[in-house]
Amino acid sequence: MKGKSAASLAIGGGLERWAERRLRYLMLAPAVLILLALTIFPSLYMFYAAVHRISPNPDLPWQFVGAANFARLFSDGQFQAALRNTAIFTVVAVSVEFLLGLGLALLLDKYIRRMTFLKTVLMIPMMLPPIAVAITWKLIYEPQFGVLNEIMYRLGLPPQAWAGDVDLAMFSIIVADVWQWTPFIFLLMLAGLASLPVEPYEAAELDGASSWRQFWDLTIPFLKPVIAIALLLRVMDALRLFDLVFILTGGGPADRTKVLSLYIYQVAYRFADPGYAAAISLFVLFVTIVLSTWFMKRMRLVE
Amino acid sequence: MLRKMCLALAVATSALAVNASAWADITILVPSGSEGDGLRAAAADYAKLKNTRVEIVQAPYANVFEQGANAGATRSGVFDIILMDDPWIPFFAENGHLEDLTSYFKNAGVEGPDDDFLSKSLAICRNPYNEGPYVCLPYVGNAQMFFYDAAKFKEVGVESPETWDDVLKAAAALTEQGDGRYYGYVFRGGQGNPVVADFMPIFWSYGAKMFNDDRTKVTIDTPEGAEGMKMFMSLRDVSPKGVESYNANEVGTAMAAGTAASSINWPNWVATFEDPSQSRMVGKISYGPIPDGTEPGSSEIGHWTMGIMSAAKNKQEAFDFMLWATSPEQIKISAERGNPPVRRSVFTDPELTQQERFRHYPVLMEAIEASTPRPRHPKWPEIENAFGIELSKAVAGTIAPEEALKNSQAAVEQITGLN
């Protein structure tokens with residue numbers, strides 16, 4: 001009887017040890033499987049696709065072309081236009097959003113702290129689905145019946161083509177993006193400002209430092225990690241811009257607003273050339289990784 | 001006892017449900033808008049009539065092509081029928097995504113579609129064009145027409161415009177009178193499909209073609225092409241500012257609001273122009289064929305056609321549905337639902353032609369019979385994109401019209417591998 005109990009205990013103990021060793025892996029397994037299925041496998045598949053010419057005809061095999069799809073990037077005028085437009089959009093839109101967001105946060109933090117209603121109103125554009133924002137701005141910019149030209153007309157100013165004018169199309173897209181995403185920067189900056197320590201400012205006041213000095217020497221350095229995160233997220237997001245361009249201009253006029261995401265979509269789905277689209281996507285992924293690593297090092301978010 | 005009866009009922013119901021799921025299901029991919037809505041309504045009628053479950057998947061215009069191409073490339077069999085815009089047919093057919101309908105007609109005891117269909121409507125459903133086997137059946141009879149405000153044209157001395165020179169003369173005068181609030185002409189200048197669709201009829205009217213007859217040479221940059229481009233640029237100069245971003249909606253809205261006097265447009269806009277809740281121009285817009293240039297004018301055909309996907313799960317049921325949906329009775333019902341027909345008997349049916357909303361039918365039938373298809377090439381979406389970029393640049397004034405033709409010639413040569 002005694003021996004039997006000891007054996008049972010031994011079995012129980014073994015199971016317990018086994019469970020201790022294995023259970024944590026079993027518990028992690030579903031998450032790992034999902035990650036493998038939805039991220040790792042598609043990423044590897046994209047590498048595989050990027051070195052092949054893939055015919056829309058399922059009877060024709062994938063043809064290995066090595067680096068040919070990547071070499072095409074150098075001679076493809078549409079890709080170069082898309083790259084240039086994406087760079088212009090990212091630099092201008094993110095800079096304007098940052099300056100406006102920070103400015104608004106400073107203003108509200110200093111003068112109108114208790115106006116929570118105003119803060120909520122400022123958040124609304126960010127909450128809207130991008131497609132709804134794009135359609136709204138399409139109606140605003142509509143050359144003949146849009147509200148913007150109606151205002152211009154009433155002010156005695158010449159109406160503009162906005163999204164249809166080669167010189168104004170990118171500007172129009174940037175304005176719509178700034179309207180939607182400035183609140184995101186504003187929100188992060190406001191949170192950053194709320195967490196600033198009070199003592200350094202009191203000491204600076206006693207030393208007679210001006211508001212401008214305090215801003216440069218205290219606020220900006222304290223906010224640096226928040227600024228870095230905000231800029232990083234916005235730059236990564238700007239590189240993926242699609243909805244606004246798709247709805248407002250379709251990449252035109254004269255290819256002035258064609259961005260990389262739109263071009264990848266066209267190559268993959270309209271021209272049925274997924275191999276080349278995979279190569280462009282990898283290029284964008286590479287640029288995003290290089291940019292974000294450089295940026296994080298520069299802002300000392302990583303050592 | 002009650003419990004036993006409930007159990008028996010449940011078992012019987014599940015057996016029926018299993019049986020129901022085994023019935024022939026047909027899944028049809030259709031575009032948003034009146035064409036897709038018409039087929040959705042027809043599918044509902046068919047489902048009731050034949051006790052067959054017909055599922056309609058509706059998507060925006062561009063997504064129909066993408067979803068169809070994806071289903072074809074992956075042989076997913078998710079769609080049995082696809083409602084295609086006709087320029088997509090070479091892509092779908094030459095990449096093996098569509099069934100050859102010859103054997104289906106044979107099984108049905110007929111040679112092919114009957115003679116009541118308009119010849120141009122049938123020609124596009126054969127691949128190669130007008131020669132190969134049927135790969136689809138026509139369903140919606142679109143071909144562009146010339147829409148104009150006859151009263152306004154008369155005011156400036158053009159009774160009924162027959163040539164592009166007449167149109168330009170009237171449009172220039174009306175734009176000048178309009179002083180920035182009213183324009184003589186409006187067109188789809190948006191990059192890609194829109195600007196190509198509105199340029200092609202003018203291009204053809206001056207004797208130009210994208211390819212030579214046996215498709216061995218690209219012939220965009222020619223004296224005829226230059227003539228067409230010259231007229232297109234002159235019309236741009238009398239069109240509203242911002243026309244560079246216009247698509248069908250903007251053109252249709254300008255015409256319905258009475259802020260533009262003329263345009264090339266699709267016949268399904270007639271319903272909007274004649275609807276008092278959407279138009280200020282009810283009864284005021286006249287319809288004509290595409291004006292002549294140096295050659296007789298020709299519309300771009302833009303039919304919606306039904307084809308069976310080669311990976312479809314229920315091909316025979318799909319063919320039966322297509323035959324039923326394109327029968328004279330169903331095409332008439334489709335016409336009453338707002339879709340232009342593809343059959344002569346429906347175009348000339350007195351019950352329809354006596355109605356005001358179908359007064360454009362004689363002109364439309366003439367336009368279809370005189371229409372030209374977009375160049376039949378499996379790489380048409382890529383060709384259209386490249387040509388559309390150069391036309392957009394010309395319309396926006398960033399390059400000279402001659403340069404646009406030269407660049408288009410080079411781009412299409414590169415895409416097609418022709419020299």
# chains A, B, ... in the order shown; residues from 1 in each chain; ligands from 1

$ residues_around --residues "region 79-88 of chain A" --least-positions-apart "3" --cutoff "7 Å" --atoms "only C-alpha atoms" --output "mmCIF file with C-alpha atoms, in the first residue's frame"
data_model
loop_
_atom_site.group_PDB
_atom_site.id
_atom_site.type_symbol
_atom_site.label_atom_id
_atom_site.label_comp_id
_atom_site.auth_asym_id
_atom_site.auth_seq_id
_atom_site.Cartn_x
_atom_site.Cartn_y
_atom_site.Cartn_z
ATOM 1 C CA LEU A 73 13.266 49.631 -59.920
ATOM 2 C CA ASP A 76 11.001 52.360 -63.795
ATOM 3 C CA VAL A 91 8.719 65.175 -44.994
ATOM 4 C CA VAL A 92 6.178 67.981 -45.454
ATOM 5 C CA LEU A 239 5.193 55.866 -45.926
ATOM 6 C CA ARG A 256 2.173 64.081 -59.215
ATOM 7 C CA THR A 257 0.500 62.264 -56.307
ATOM 8 C CA LYS A 258 1.305 58.657 -57.081
ATOM 9 C CA VAL A 259 2.807 57.232 -53.880
ATOM 10 C CA LEU A 260 4.535 53.913 -53.298
ATOM 11 C CA TYR A 263 1.908 51.921 -57.109
#

$ interface_residues --of "chain B" --to "chain A" --cutoff "6 Å" --atoms "only C-alpha atoms" --output "tab-separated table (two decimals) with N, CA, C and O atoms, in the first residue's frame"
chain	number	residue	atom	x	y	z
B	66	GLU	N	-9.86	42.97	-59.93
B	66	GLU	CA	-8.85	42.38	-59.04
B	66	GLU	C	-9.32	41.06	-58.45
B	66	GLU	O	-8.58	40.08	-58.42
B	73	ALA	N	-6.24	33.40	-61.00
B	73	ALA	CA	-4.83	33.02	-60.82
B	73	ALA	C	-4.67	31.94	-59.76
B	73	ALA	O	-3.74	31.14	-59.82
B	95	ASN	N	-5.42	34.38	-70.17
B	95	ASN	CA	-4.74	33.80	-69.00
B	95	ASN	C	-5.47	32.56	-68.48
B	95	ASN	O	-5.22	32.10	-67.37
B	191	GLN	N	-6.57	60.80	-64.27
B	191	GLN	CA	-5.51	59.92	-64.76
B	191	GLN	C	-5.97	58.46	-64.85
B	191	GLN	O	-6.67	57.98	-63.98
B	241	LYS	N	-11.96	74.36	-65.06
B	241	LYS	CA	-10.70	74.19	-64.35
B	241	LYS	C	-10.87	72.98	-63.42
B	241	LYS	O	-11.92	72.82	-62.81
B	242	GLY	N	-9.90	72.13	-63.35
B	242	GLY	CA	-10.00	70.96	-62.47
B	242	GLY	C	-10.47	69.71	-63.16
B	242	GLY	O	-10.60	68.66	-62.56
B	244	GLU	N	-8.92	67.93	-64.88
B	244	GLU	CA	-7.82	66.96	-64.79
B	244	GLU	C	-8.12	65.85	-63.78
B	244	GLU	O	-7.50	64.79	-63.81
B	245	SER	N	-9.04	66.12	-62.85
B	245	SER	CA	-9.33	65.09	-61.84
B	245	SER	C	-10.74	64.52	-62.01
B	245	SER	O	-11.20	63.75	-61.18
B	382	GLU	N	-2.45	47.60	-68.04
B	382	GLU	CA	-1.14	48.25	-67.93
B	382	GLU	C	-0.96	49.29	-69.05
B	382	GLU	O	-0.42	50.37	-68.81
B	389	ILE	N	-1.37	58.08	-68.00
B	389	ILE	CA	-0.42	58.99	-67.34
B	389	ILE	C	0.01	60.08	-68.32
B	389	ILE	O	0.01	61.27	-67.99
B	392	SER	N	-2.82	62.42	-69.04
B	392	SER	CA	-3.03	63.28	-67.86
B	392	SER	C	-2.00	64.41	-67.84
B	392	SER	O	-2.32	65.55	-67.52
B	393	LYS	N	-0.76	64.07	-68.20
B	393	LYS	CA	0.29	65.11	-68.23
B	393	LYS	C	-0.02	66.16	-69.29
B	393	LYS	O	0.18	67.35	-69.07

$ closest_residue --among "B:Ile333, B:Pro138, B:Pro161, B:Leu83" --to "Lys120 (chain B)" --atoms "only C-alpha atoms"
B:Pro138

$ select_by_dssp --residues "region 212-386 of chain B" --states "strand (DSSP E)" --output "ChimeraX atom specification"
/B:262-265,285-288,304-308

$ write_last_selection --atoms "N, CA and C atoms" --output "JSON list (two decimals), in the first residue's frame"
[["chain", "number", "residue", "atom", "x", "y", "z"],
["B", 262, "SER", "N", -21.98, 70.21, -72.84],
["B", 262, "SER", "CA", -21.83, 68.98, -73.63],
["B", 262, "SER", "C", -20.75, 68.08, -73.05],
["B", 263, "SER", "N", -20.86, 66.80, -73.38],
["B", 263, "SER", "CA", -19.85, 65.84, -72.94],
["B", 263, "SER", "C", -20.06, 64.52, -73.68],
["B", 264, "ILE", "N", -19.02, 63.68, -73.62],
["B", 264, "ILE", "CA", -19.17, 62.28, -74.02],
["B", 264, "ILE", "C", -19.61, 61.57, -72.74],
["B", 265, "ASN", "N", -20.59, 60.67, -72.85],
["B", 265, "ASN", "CA", -21.00, 59.99, -71.62],
["B", 265, "ASN", "C", -21.60, 58.63, -71.91],
["B", 285, "ILE", "N", -31.64, 67.67, -72.32],
["B", 285, "ILE", "CA", -30.39, 67.14, -72.87],
["B", 285, "ILE", "C", -30.68, 66.29, -74.09],
["B", 286, "SER", "N", -29.98, 66.61, -75.17],
["B", 286, "SER", "CA", -30.14, 65.82, -76.40],
["B", 286, "SER", "C", -29.01, 64.81, -76.51],
["B", 287, "TYR", "N", -29.31, 63.73, -77.23],
["B", 287, "TYR", "CA", -28.32, 62.66, -77.37],
["B", 287, "TYR", "C", -28.01, 62.46, -78.83],
["B", 288, "GLY", "N", -26.73, 62.33, -79.11],
["B", 288, "GLY", "CA", -26.33, 62.10, -80.50],
["B", 288, "GLY", "C", -25.19, 61.11, -80.56],
["B", 304, "TRP", "N", -20.98, 45.34, -70.47],
["B", 304, "TRP", "CA", -20.78, 44.43, -69.34],
["B", 304, "TRP", "C", -21.19, 43.04, -69.81],
["B", 305, "THR", "N", -20.28, 42.10, -69.64],
["B", 305, "THR", "CA", -20.48, 40.77, -70.19],
["B", 305, "THR", "C", -20.33, 39.71, -69.10],
["B", 306, "MET", "N", -21.04, 38.60, -69.27],
["B", 306, "MET", "CA", -20.97, 37.52, -68.27],
["B", 306, "MET", "C", -20.15, 36.35, -68.79],
["B", 307, "GLY", "N", -19.14, 35.96, -68.01],
["B", 307, "GLY", "CA", -18.34, 34.79, -68.40],
["B", 307, "GLY", "C", -18.27, 33.79, -67.25],
["B", 308, "ILE", "N", -18.02, 32.53, -67.60],
["B", 308, "ILE", "CA", -17.90, 31.49, -66.57],
["B", 308, "ILE", "C", -16.42, 31.32, -66.23]]

$ residues_around --residues "Arg374 (chain B)" --least-positions-apart "3" --cutoff "10 Å" --atoms "only C-alpha atoms" --output "ChimeraX atom specification"
/B:86-88,124,196-197,200-201,209-210,299-302,371,377,380,384
